[in-house]
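**Student:** Structure below; questions to follow.
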Amino acid sequence: MAEEASSKRPLKIVAGADSFGCSLKDALVSHLRSLNIDVEDLGTSSYYSIAADVGRRVSSSSSDGAVETRGLVACGTGVGVAIFANKFPGVFAATCLNPSEAQNARSINNSNVLAVSGMSTAPDSAIEILDTWLNTPFKSPCPASDSKPWPPEIETFLDNSMKCPKLELKRALAEESSCHLCCLVKNRKLNPIDIIPGGSMKILRETPTSAIVRFKAGSVEPAHHHTFGHDLVVLEGKKSVWNLTKKARYDLGVGDYLFTPAGDSHRVKYYEDTEFFIKWEGQWDMFFDEELEAAHKAVEQELENGSK
């Protein structure tokens with residue numbers, strides 16, 4: 001039973017899907033709840049947004065905490081959601097189309113996010129895949145091992161494979177010859193963002209548009225939204241983003257990635273001089289949802305409440 005697979009610690013599953021995987025995700029969530037497994041259902045969104053939300057939650061959960069947190073994502077193929085969930089440290093998302101693949105993914109890769117295909121997998125088959133994934137321990141016999149225990153040297157190899165090297169982005173940025181982003185922005189003057197004090201931006205390319213953006217320590221972006229979604233990666237510094245639409249806060253440092261969907265109202269605070277790479281589709285626009293003074297007060301209140 002699934003309860004036996006999580007006997008060491010209570011199990012929590014964070015689930016989400018896009019429109020092609022939502023029906024299958026709903027069936028699997030119902031099955032998990034019938035097993036008395038705690039489920040946080042994030043609902044339905046674009047495959048890249050929902051997978052990033054699930055991946056972020058699994059990544060931020062403590063590996064040695066009281067509760068083991070895993071993820072369940074679904075899209076048309078199960079591939080797109082796995083790619084975006086895997087952008088977060090400590091996430092091992094695997095697309096599984098049959099129970100054997102689920103067993104291999106758990107035994108070999110210690111998969112903690114299961115990705116399934118809404119277009120290729122029927123609910124009954126998906127439940128069988130999910131049960132296999134829940135019940136298979138890391139390094140256990142699986143089809144890849146001919147259903148036999150792994151030899152000691154393979155077990156050692158599998159243990160070492162879980163120790164992924166962290167992204168040393170600061171070092172990469174210091175080595176100008178090997179950093180493409182630095183080469184793009186080197187010797188180029190960033191233009192002030194007149195509508196937000198402390199900000200400057202340099203467009204690097206068009207269609208899709210990408211840019212390097214800098215903000216001075218202490219700067220605040222008032223709540224605003226765009227008609228486009230945007231991806232960003234922090235290159236230097238530290239910032240917090242409050243997505244007011246999703247009622248979520250994201251604390252970002254060097255190397256962290258965040259996708260903000262079109263129309264989502266968000267407010268930003270910069271704790272240090274911060275630089276980030278941002279990419280979006282279409283023409284730049286920005287619609288403010290509050291005044292700058294109100295934004296400063298809201299950020300102060302959020303930080304005060306967070307310190308209590």
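Residue names in the structure tokens use chain letters A, B, ... in the order shown, residue numbers from 1 in each chain, and ligand numbers from 1 in the order shown.
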Taking only range 88-277 of chain A into account, list the residues labelled strand (DSSP E) by DSSP (computed from the backbone), as JSON, numbers by chain.
**Tutor:** {"A": [93, 94, 95, 113, 114, 115, 116, 117, 191, 192, 199, 200, 201, 202, 203, 204, 205, 209, 210, 211, 212, 213, 214, 215, 220, 221, 222, 223, 224, 225, 230, 231, 232, 233, 234, 235, 236, 239, 240, 241, 242, 243, 248, 249, 250, 251, 252, 257, 258, 259, 260, 266, 267, 268, 269, 270, 274, 275, 276, 277]}
**Student:** I'd like the neighbourhood of range 106-118 of chain A as a ChimeraX atom specification, where a residue qualifies if any of its atoms comes within 7 Å (using only C-alpha atoms), though same-chain residues fewer than 4 positions away should be ignored.
**Tutor:** /A:20-21,24,70-78,81-82,91-97,102,133,136-140,142,158
**Student:** Which one is closest to His225 in chain A: A:Gln103, A:Ser23, A:Thr156, A:Asn243? Count only C-alpha atoms.
**Tutor:**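 Smallest distance to His225 in chain A is found for A:Asn243.
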**Student:** Among range 108-155 of chain A, which ones does DSSP assign to helix (DSSP H, G or I) (computed from the backbone)? Answer as a PyMOL selection string.
**Tutor:** chain A and resi 108-109+123-135+143-145+152-155
**Student:** Give me, as a Markdown table, each residue of range 12-113 of chain A that comes within 12 Å of range 257-265 of chain A, together with its shortest interatomic pair and the distance in Å at one decimal, counting only C-alpha atoms, with rows ordered by chain and rising residue number.
**Tutor:**
```
| residue | atom | partner | partner_atom | distance |
| --- | --- | --- | --- | --- |
| A:Ser45 | CA | A:Pro261 | CA | 9.2 |
| A:Ser46 | CA | A:Pro261 | CA | 8.5 |
| A:Tyr47 | CA | A:Pro261 | CA | 11.1 |
| A:Tyr48 | CA | A:Phe259 | CA | 8.1 |
| A:Ser49 | CA | A:Phe259 | CA | 6.5 |
| A:Ile50 | CA | A:Phe259 | CA | 9.8 |
| A:Ala51 | CA | A:Phe259 | CA | 10.4 |
| A:Ala52 | CA | A:Phe259 | CA | 7.5 |
| A:Asp53 | CA | A:Phe259 | CA | 9.1 |
| A:Gly55 | CA | A:Leu258 | CA | 11.2 |
| A:Arg56 | CA | A:Leu258 | CA | 9.3 |
| A:Phe84 | CA | A:Phe259 | CA | 10.1 |
| A:Ala85 | CA | A:Tyr257 | CA | 11.3 |
| A:Asn86 | CA | A:Tyr257 | CA | 11.5 |
| A:Lys87 | CA | A:Tyr257 | CA | 7.9 |
| A:Phe88 | CA | A:Tyr257 | CA | 8.1 |
| A:Pro89 | CA | A:Tyr257 | CA | 10.7 |
```
**Student:** What lies within 10 Å of Arg267 in chain A using only C-alpha atoms, ignoring chain neighbours under 2 positions off, as an MDAnalysis selection string?
**Tutor:** chainID A and resid 220:225 240:244 249 265 269 288:290 295:296 298:299
**Student:** Output C-alpha atoms of each residue in that selection to a file, as an mmCIF file, in the first residue's frame.
**Tutor:**
```
data_model
loop_
_atom_site.group_PDB
_atom_site.id
_atom_site.type_symbol
_atom_site.label_atom_id
_atom_site.label_comp_id
_atom_site.auth_asym_id
_atom_site.auth_seq_id
_atom_site.Cartn_x
_atom_site.Cartn_y
_atom_site.Cartn_z
ATOM 1 C CA VAL A 220 10.585 48.931 -4.915
ATOM 2 C CA GLU A 221 8.504 48.139 -7.992
ATOM 3 C CA PRO A 222 4.856 49.034 -7.260
ATOM 4 C CA ALA A 223 2.269 46.353 -7.964
ATOM 5 C CA HIS A 224 1.879 46.091 -11.728
ATOM 6 C CA HIS A 225 1.024 43.660 -14.505
ATOM 7 C CA SER A 240 11.449 39.387 -3.204
ATOM 8 C CA VAL A 241 8.487 39.159 -5.554
ATOM 9 C CA TRP A 242 4.951 39.198 -4.199
ATOM 10 C CA ASN A 243 2.535 37.749 -6.763
ATOM 11 C CA LEU A 244 -0.661 39.394 -5.553
ATOM 12 C CA ARG A 249 5.887 35.359 -2.174
ATOM 13 C CA SER A 265 -0.169 41.614 -10.516
ATOM 14 C CA LYS A 269 11.511 44.683 -3.315
ATOM 15 C CA PHE A 288 0.480 49.961 -12.471
ATOM 16 C CA ASP A 289 -1.983 48.687 -9.874
ATOM 17 C CA GLU A 290 -0.831 50.984 -7.037
ATOM 18 C CA ALA A 295 3.957 49.957 -2.474
ATOM 19 C CA HIS A 296 6.634 50.987 0.035
ATOM 20 C CA ALA A 298 2.837 47.426 1.736
ATOM 21 C CA VAL A 299 6.370 46.003 1.535
#
```
**Student:** For Ser219 in chain A, list every protein, DNA or RNA residue within 10 Å, evaluated using only C-alpha atoms, and leave out those in the same chain fewer than 3 positions away; present the list as a compact mmCIF listing (two decimals) with C-alpha atoms, in the first residue's frame.
**Tutor:**
```txt
# COMPACT_ATOMS: atom_id res chain seq x y z
CA ILE A 196 10.42 53.31 -11.53
CA PRO A 197 13.16 55.03 -9.48
CA GLY A 198 16.38 53.04 -9.13
CA GLY A 199 15.86 50.88 -12.21
CA PHE A 215 17.81 47.92 -9.62
CA LYS A 216 19.56 49.70 -6.78
CA PRO A 222 4.86 49.03 -7.26
CA LYS A 239 14.96 40.43 -4.25
CA VAL A 268 9.02 43.67 -6.02
CA LYS A 269 11.51 44.68 -3.31
CA TYR A 270 15.29 44.80 -3.91
CA TYR A 271 17.45 44.20 -0.83
CA GLU A 272 20.80 44.62 -2.62
CA ASP A 273 21.99 46.06 -5.92
CA THR A 274 20.39 43.46 -8.16
CA HIS A 296 6.63 50.99 0.04
```
**Student:** For a quick check of understanding, using only C-alpha atoms, which of A:Ser161, A:Phe277, A:Thr132, A:Val254 has the smallest distance to Ile203 in chain A?
**Tutor:**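 For Ile203 in chain A, the nearest of the candidates is A:Phe277.
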**Student:** In Å to one decimal, how far is CA of Lys279 in chain A from CA of Ala211 in chain A?
**Tutor:**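 Distance between the two atoms: 6.5 Å.
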**Student:** Give me, please, the distance in Å between CA of Glu68 in chain A and CA of Pro151 in chain A, quoted to one decimal.
**Tutor:**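 CA of Pro151 in chain A lies 27.1 Å from CA of Glu68 in chain A.
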**Student:** Could you tell me which of A:Leu232, A:Ser61, A:Val14, A:Ile278 comes closest to Asp38 in chain A if we count only C-alpha atoms?
**Tutor:** A:Val14
